[in-house]
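Colleague: Dropping in protein-v3.pdb, which is PDB, C-alpha atoms:
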ATOM      1  CA  MET A   1     -77.677  14.808-139.271
ATOM      2  CA  SER A   2     -77.308  13.728-135.636
ATOM      3  CA  PRO A   3     -80.512  14.049-133.549
ATOM      4  CA  SER A   4     -80.707  16.513-130.694
ATOM      5  CA  PRO A   5     -82.363  16.209-127.283
ATOM      6  CA  ARG A   6     -85.505  18.261-126.771
ATOM      7  CA  LEU A   7     -87.232  19.921-123.859
ATOM      8  CA  VAL A   8     -90.978  20.271-123.424
ATOM      9  CA  ALA A   9     -91.267  23.189-121.009
ATOM     10  CA  ARG A  10     -94.298  24.330-119.039
ATOM     11  CA  GLY A  11     -94.610  26.939-116.314
ATOM     12  CA  PRO A  12     -93.854  30.586-115.623
ATOM     13  CA  ALA A  13     -91.402  32.656-117.647
ATOM     14  CA  ALA A  14     -89.360  33.322-114.498
ATOM     15  CA  PRO A  15     -89.659  30.204-112.307
ATOM     16  CA  SER A  16     -88.397  30.003-108.749
ATOM     17  CA  ALA A  17     -87.504  26.332-109.291
ATOM     18  CA  LEU A  18     -87.372  23.843-112.147
ATOM     19  CA  VAL A  19     -88.376  20.200-112.238
ATOM     20  CA  LEU A  20     -86.597  18.131-114.883
ATOM     21  CA  LEU A  21     -88.443  14.909-115.697
ATOM     22  CA  LEU A  22     -86.299  12.053-117.009
ATOM     23  CA  PRO A  23     -88.215   9.176-118.619
ATOM     24  CA  GLY A  24     -87.288   5.534-118.848
ATOM     25  CA  GLY A  25     -85.812   3.751-121.824
ATOM     26  CA  ARG A  26     -83.976   0.612-122.883
ATOM     27  CA  ALA A  27     -80.563  -0.868-122.307
ATOM     28  CA  ARG A  28     -79.708  -0.497-125.989
ATOM     29  CA  SER A  29     -81.590   1.385-128.709
ATOM     30  CA  THR A  30     -80.727   4.070-131.223
ATOM     31  CA  ALA A  31     -84.381   4.648-132.061
ATOM     32  CA  SER A  32     -85.449   8.254-131.633
ATOM     33  CA  GLY A  33     -86.361   9.241-128.084
ATOM     34  CA  GLY A  34     -89.612  10.981-127.140
ATOM     35  CA  ARG A  35     -93.181  10.111-128.147
ATOM     36  CA  SER A  36     -92.890   6.753-126.413
ATOM     37  CA  VAL A  37     -94.772   4.977-123.644
ATOM     38  CA  ALA A  38     -91.937   5.911-121.279
ATOM     39  CA  ASP A  39     -92.310   9.554-122.254
ATOM     40  CA  LEU A  40     -96.101   9.464-121.814
ATOM     41  CA  ARG A  41     -95.622   7.879-118.373
ATOM     42  CA  MET A  42     -94.095  11.162-117.210
ATOM     43  CA  LEU A  43     -97.211  13.234-117.978
ATOM     44  CA  PRO A  44     -98.992  12.494-114.664
ATOM     45  CA  PHE A  45     -95.776  13.351-112.826
ATOM     46  CA  ALA A  46     -95.589  16.619-114.749
ATOM     47  CA  ARG A  47     -99.063  17.485-113.470
ATOM     48  CA  ALA A  48     -98.183  16.387-109.930
ATOM     49  CA  ALA A  49     -95.052  18.558-109.966
ATOM     50  CA  ALA A  50     -96.801  21.664-111.269
ATOM     51  CA  ALA A  51     -97.271  24.448-108.746
ATOM     52  CA  PRO A  52     -97.124  28.252-108.691
ATOM     53  CA  GLY A  53     -93.613  29.377-109.518
ATOM     54  CA  ILE A  54     -92.480  25.924-110.690
ATOM     55  CA  GLY A  55     -91.275  25.261-114.215
ATOM     56  CA  VAL A  56     -91.685  21.657-115.361
ATOM     57  CA  TRP A  57     -89.456  20.368-118.148
ATOM     58  CA  ARG A  58     -89.748  16.953-119.796
ATOM     59  CA  LEU A  59     -86.587  15.781-121.502
ATOM     60  CA  ALA A  60     -86.875  13.869-124.779
ATOM     61  CA  TYR A  61     -83.645  11.960-125.259
ATOM     62  CA  ARG A  62     -81.885  11.686-128.602
ATOM     63  CA  PHE A  63     -82.120   7.906-128.367
ATOM     64  CA  LYS A  64     -84.273   5.520-126.362
ATOM     65  CA  GLY A  65     -81.282   3.513-125.166
ATOM     66  CA  TRP A  66     -78.703   3.861-122.402
ATOM     67  CA  ASN A  67     -76.184   2.505-124.898
ATOM     68  CA  GLU A  68     -73.168   1.693-122.768
ATOM     69  CA  PRO A  69     -70.461   2.966-122.983
ATOM     70  CA  ALA A  70     -71.910   6.083-124.663
ATOM     71  CA  ARG A  71     -74.586   6.666-121.994
ATOM     72  CA  HIS A  72     -76.459   8.958-124.350
ATOM     73  CA  PRO A  73     -79.210   9.991-121.894
ATOM     74  CA  VAL A  74     -76.648  11.148-119.338
ATOM     75  CA  ALA A  75     -75.170  13.540-121.892
ATOM     76  CA  ASP A  76     -78.703  14.694-122.755
ATOM     77  CA  ALA A  77     -79.468  15.397-119.086
ATOM     78  CA  ARG A  78     -76.260  17.398-118.752
ATOM     79  CA  TRP A  79     -77.311  19.391-121.814
ATOM     80  CA  ALA A  80     -80.694  20.071-120.171
ATOM     81  CA  LEU A  81     -78.997  21.273-116.983
ATOM     82  CA  THR A  82     -76.799  23.579-119.053
ATOM     83  CA  GLU A  83     -79.955  24.938-120.677
ATOM     84  CA  ALA A  84     -81.510  25.468-117.261
ATOM     85  CA  ALA A  85     -78.481  27.467-116.114
ATOM     86  CA  ARG A  86     -78.486  29.503-119.318
ATOM     87  CA  ARG A  87     -82.193  30.318-119.322
ATOM     88  CA  HIS A  88     -82.682  30.647-115.552
ATOM     89  CA  PRO A  89     -79.359  31.350-113.811
ATOM     90  CA  GLY A  90     -79.311  30.393-110.151
ATOM     91  CA  VAL A  91     -82.685  28.620-110.209
ATOM     92  CA  PRO A  92     -82.542  25.221-108.443
ATOM     93  CA  VAL A  93     -83.335  22.108-110.477
ATOM     94  CA  LEU A  94     -85.091  19.049-109.049
ATOM     95  CA  LEU A  95     -84.573  15.800-110.960
ATOM     96  CA  ILE A  96     -87.350  13.212-111.132
ATOM     97  CA  GLY A  97     -86.558  10.067-113.071
ATOM     98  CA  HIS A  98     -88.398   6.813-113.702
ATOM     99  CA  SER A  99     -86.523   3.562-114.396
ATOM    100  CA  MET A 100     -83.623   4.459-116.733
ATOM    101  CA  GLY A 101     -84.428   8.082-115.933
ATOM    102  CA  GLY A 102     -83.679   7.340-112.292
ATOM    103  CA  ARG A 103     -80.297   5.984-113.319
ATOM    104  CA  VAL A 104     -79.671   9.117-115.350
ATOM    105  CA  ALA A 105     -80.658  11.330-112.410
ATOM    106  CA  LEU A 106     -78.165   9.607-110.122
ATOM    107  CA  HIS A 107     -75.401  10.086-112.686
ATOM    108  CA  VAL A 108     -75.958  13.852-112.794
ATOM    109  CA  ALA A 109     -76.916  14.351-109.133
ATOM    110  CA  THR A 110     -73.712  16.248-108.379
ATOM    111  CA  GLU A 111     -73.942  18.599-111.376
ATOM    112  CA  PRO A 112     -74.171  22.348-110.615
ATOM    113  CA  GLY A 113     -77.715  23.555-110.021
ATOM    114  CA  VAL A 114     -79.176  20.218-108.946
ATOM    115  CA  ALA A 115     -81.116  20.676-105.696
ATOM    116  CA  GLY A 116     -82.583  17.205-105.222
ATOM    117  CA  VAL A 117     -83.190  13.814-106.833
ATOM    118  CA  LEU A 118     -86.287  11.611-106.783
ATOM    119  CA  GLY A 119     -85.813   8.197-108.379
ATOM    120  CA  LEU A 120     -88.973   6.205-109.125
ATOM    121  CA  ALA A 121     -88.284   2.493-109.632
ATOM    122  CA  PRO A 122     -84.743   3.452-110.633
ATOM    123  CA  TRP A 123     -82.516   1.177-112.682
ATOM    124  CA  ILE A 124     -79.468   0.721-110.470
ATOM    125  CA  GLU A 125     -76.399  -1.332-111.324
ATOM    126  CA  PRO A 126     -73.699  -2.272-108.779
ATOM    127  CA  ASP A 127     -70.847   0.243-108.659
ATOM    128  CA  ASP A 128     -72.447   2.180-111.511
ATOM    129  CA  VAL A 129     -72.725   5.555-109.783
ATOM    130  CA  GLN A 130     -70.096   7.190-107.626
ATOM    131  CA  LEU A 131     -71.852   9.409-105.096
ATOM    132  CA  PRO A 132     -70.773  10.556-101.631
ATOM    133  CA  THR A 133     -72.067   8.379 -98.815
ATOM    134  CA  ASP A 134     -73.497  11.603 -97.391
ATOM    135  CA  PRO A 135     -75.450  13.044-100.336
ATOM    136  CA  LEU A 136     -74.854  16.665-101.229
ATOM    137  CA  VAL A 137     -78.528  17.127-102.128
ATOM    138  CA  PRO A 138     -81.751  15.467-100.897
ATOM    139  CA  LEU A 139     -81.999  11.990-102.418
ATOM    140  CA  VAL A 140     -85.262  10.007-102.360
ATOM    141  CA  LEU A 141     -85.583   6.589-103.991
ATOM    142  CA  ALA A 142     -88.925   4.777-104.244
ATOM    143  CA  HIS A 143     -89.724   1.334-105.566
ATOM    144  CA  GLY A 144     -92.665  -1.041-105.876
ATOM    145  CA  SER A 145     -92.316  -4.350-104.039
ATOM    146  CA  ARG A 146     -93.489  -6.356-107.076
ATOM    147  CA  ASP A 147     -91.257  -4.704-109.657
ATOM    148  CA  ARG A 148     -89.705  -7.352-111.938
ATOM    149  CA  ILE A 149     -88.047  -4.935-114.374
ATOM    150  CA  THR A 150     -85.807  -3.076-111.937
ATOM    151  CA  ASP A 151     -84.778  -4.363-108.527
ATOM    152  CA  PRO A 152     -86.296  -2.892-105.335
ATOM    153  CA  ALA A 153     -83.645  -4.650-103.227
ATOM    154  CA  ALA A 154     -80.855  -2.966-105.217
ATOM    155  CA  THR A 155     -82.558   0.382-104.692
ATOM    156  CA  ALA A 156     -82.869  -0.224-100.954
ATOM    157  CA  ARG A 157     -79.175  -1.134-100.723
ATOM    158  CA  PHE A 158     -78.133   1.930-102.703
ATOM    159  CA  ALA A 159     -80.282   4.154-100.503
ATOM    160  CA  ALA A 160     -78.766   2.684 -97.335
ATOM    161  CA  ASP A 161     -75.226   3.086 -98.684
ATOM    162  CA  HIS A 162     -75.745   6.711 -99.734
ATOM    163  CA  GLY A 163     -77.852   8.212 -96.961
ATOM    164  CA  ALA A 164     -80.966   8.397 -99.115
ATOM    165  CA  ARG A 165     -84.576   8.097 -98.049
ATOM    166  CA  PHE A 166     -86.092   4.847 -99.327
ATOM    167  CA  VAL A 167     -89.821   4.370 -99.916
ATOM    168  CA  LEU A 168     -91.238   0.906-100.636
ATOM    169  CA  VAL A 169     -94.707   0.831-102.170
ATOM    170  CA  ALA A 170     -96.268  -2.533-101.358
ATOM    171  CA  GLY A 171     -97.894  -4.397-104.237
ATOM    172  CA  GLU A 172     -96.682  -2.043-106.964
ATOM    173  CA  ASN A 173     -94.997  -3.119-110.199
ATOM    174  CA  HIS A 174     -92.724  -1.239-112.608
ATOM    175  CA  ALA A 175     -95.461   0.740-114.372
ATOM    176  CA  LEU A 176     -96.394   2.563-111.133
ATOM    177  CA  LEU A 177    -100.083   2.482-112.054
ATOM    178  CA  ARG A 178    -101.672   0.306-109.356
ATOM    179  CA  HIS A 179    -101.059   2.924-106.675
ATOM    180  CA  TYR A 180    -100.775   5.974-108.916
ATOM    181  CA  ARG A 181    -102.103   8.317-106.229
ATOM    182  CA  THR A 182     -99.200   7.312-103.971
ATOM    183  CA  TRP A 183     -96.643   8.085-106.690
ATOM    184  CA  ASN A 184     -98.234  11.383-107.633
ATOM    185  CA  ARG A 185     -98.382  12.396-103.975
ATOM    186  CA  LEU A 186     -94.720  11.469-103.566
ATOM    187  CA  VAL A 187     -93.811  13.710-106.509
ATOM    188  CA  THR A 188     -95.873  16.609-105.158
ATOM    189  CA  GLU A 189     -94.392  16.295-101.666
ATOM    190  CA  PHE A 190     -90.850  16.078-103.037
ATOM    191  CA  VAL A 191     -91.242  19.241-105.098
ATOM    192  CA  THR A 192     -92.993  21.113-102.298
ATOM    193  CA  THR A 193     -90.329  20.154 -99.768
ATOM    194  CA  HIS A 194     -87.216  20.735-101.876
ATOM    195  CA  ARG A 195     -88.169  23.537-104.268
ATOM    196  CA  ARG A 196     -85.641  25.866-102.679
ATOM    197  CA  ALA A 197     -81.909  25.318-103.050
ATOM    198  CA  ASP A 198     -81.455  25.932 -99.324
ATOM    199  CA  GLY A 199     -84.126  23.330 -98.467
ATOM    200  CA  ARG A 200     -86.456  25.770 -96.740
TER     201      ARG A 200
END
If you convert what's in this file into structure tokens, what do you get?
Modeller:
Amino acid sequence: MSPSPRLVARGPAAPSALVLLLPGGRARSTASGGRSVADLRMLPFARAAAAPGIGVWRLAYRFKGWNEPARHPVADARWALTEAARRHPGVPVLLIGHSMGGRVALHVATEPGVAGVLGLAPWIEPDDVQLPTDPLVPLVLAHGSRDRITDPAATARFAADHGARFVLVAGENHALLRHYRTWNRLVTEFVTTHRRADGR
């Protein structure tokens, strides 16, 4: 039987906003998603995003890999957004993705219900994502200057080309652990600022 994506949901029964956390992964892997280091890396961000009225969902992908051309995690994120609309109609969804999760977030940034995107050390490929040069929702991309897994320069270029805010964290690598307080604060500020669909 084919695996299914899963959501680990925390927060109020009737949230005013949802945060969907999208973990990293691999270029190719059909190993089961969830219960991985990438998934555990999202736990501090889940705590940083938590606030009164905010529901925090962590998405466990069907597979650990991006798996071009299937792009399995993109389909899983779209499923999660459909679930958000079904369970909480009209509630804005903020996407926060790390590494491959940042790539996923950019691919679904224009889906209905999405109110903002925060990419943390996102995996960005040239011409991979087609977004308006003037983003329809708030778009924040942050990267460590010493990241050797994903490319901070590619993130800076993408941000400049798409009207996004770019944050460079000096001395940080891909794990985002050296300056963890900075990353957690960035998550908290993003959720606090953009928790309403109208941006107020």
Colleague: Pick from A:Arg28, A:Arg195, A:His107, A:His179: nearest to Val56 of chain A, with all atoms listed in the file counted?
Modeller: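 Of all the options, A:Arg195 lies closest to Val56 of chain A.
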Colleague: May I have the protein, DNA and RNA residues with any atom at most 12 Å from the point (-75.5, 20.1, -114.2), counting only C-alpha atoms, written as a ChimeraX atom specification?
Modeller: /A:20,74-86,89-95,104-116
Colleague: So what do you get for atom CA of Ala31 of chain A versus atom CA of Trp66 of chain A, distance-wise?
Modeller: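 Separation between atom CA of Ala31 of chain A and atom CA of Trp66 of chain A: 11.2 Å.
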Colleague: Given the PyMOL selection byres ((chain A and resi 165-169) around 7) and the file above, list the residues it selects as a list in words.
Modeller: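 Applied to this file, the PyMOL selection byres ((chain A and resi 165-169) around 7) returns Leu139, Val140, Leu141, Ala142, His143, Gly144, Ser145, Ala156, Ala159, Gly163, Ala164, Ala170, Gly171 and Glu172 of chain A.
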Colleague: Using atom CA of Leu176 of chain A and atom CA of Ser99 of chain A as the two end points, give the distance in Å to one decimal.
Modeller: 10.4 Å
Colleague: As JSON, numbers by chain, please: the residues near Asp151 of chain A (cut-off 8 Å, all atoms listed in the file, same-chain neighbours under 6 positions excluded).
Modeller: {"A": [121, 123, 124]}
Colleague: Would you mind reading off the distance between atom CA of Ala175 of chain A and atom CA of Asp147 of chain A, one decimal, in Å?
Modeller: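 Separating atom CA of Ala175 of chain A from atom CA of Asp147 of chain A is a distance of 8.3 Å.
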Colleague: Could you tell me which of A:Leu136, A:Asp128, A:Val37, A:Pro122 comes closest to Ala153 of chain A if we count all atoms listed in the file?
Modeller: A:Pro122
Colleague: Using only C-alpha atoms, find the one residue out of A:Pro132, A:Ala27, A:Arg148, A:Leu177 that sits nearest to Pro69 of chain A.
Modeller: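 Closest to Pro69 of chain A, using only C-alpha atoms: A:Ala27.
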Colleague: Name every residue that the PyMOL selection byres ((chain A and resi 11-13) around 7) selects in this structure, writing the answer as a list in words with chains first and numbers rising.
Modeller: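 On this input, the PyMOL selection byres ((chain A and resi 11-13) around 7) captures Ala9, Arg10, Ala14, Pro15, Gly53, Ile54, Gly55 and Val56 of chain A.
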Colleague: Take the selection from the previous step and output its residues with C-alpha atoms, as a PDB file, keeping the file's coordinate frame.
Modeller:
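Resulting contents of selection03.pdb:
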ATOM      1  CA  ALA A   9     -91.267  23.189-121.009  1.00  0.00           C
ATOM      2  CA  ARG A  10     -94.298  24.330-119.039  1.00  0.00           C
ATOM      3  CA  ALA A  14     -89.360  33.322-114.498  1.00  0.00           C
ATOM      4  CA  PRO A  15     -89.659  30.204-112.307  1.00  0.00           C
ATOM      5  CA  GLY A  53     -93.613  29.377-109.518  1.00  0.00           C
ATOM      6  CA  ILE A  54     -92.480  25.924-110.690  1.00  0.00           C
ATOM      7  CA  GLY A  55     -91.275  25.261-114.215  1.00  0.00           C
ATOM      8  CA  VAL A  56     -91.685  21.657-115.361  1.00  0.00           C
TER       9      VAL A  56
END
Colleague: From the options A:Asn184, A:Leu18, A:Ser36, A:Pro52, which residue's atoms come nearest to Arg87 of chain A, counting only C-alpha atoms?
Modeller: A:Leu18
Colleague: For the PyMOL selection byres ((chain A and resi 61) around 12), applied here, can you spell out every residue it catches as number ranges by chain?
Modeller: A: 3-8, 21-26, 29-36, 38-39, 58-60, 62-66, 71-80, 100-101, 104
Colleague: Using all atoms listed in the file, collect all residues at a distance of at most 12 Å from (-101.2, 15.5, -113.6) as written in the file, then present them as a ChimeraX atom specification.
Modeller: /A:40-51,56,180-181,183-185,187-188
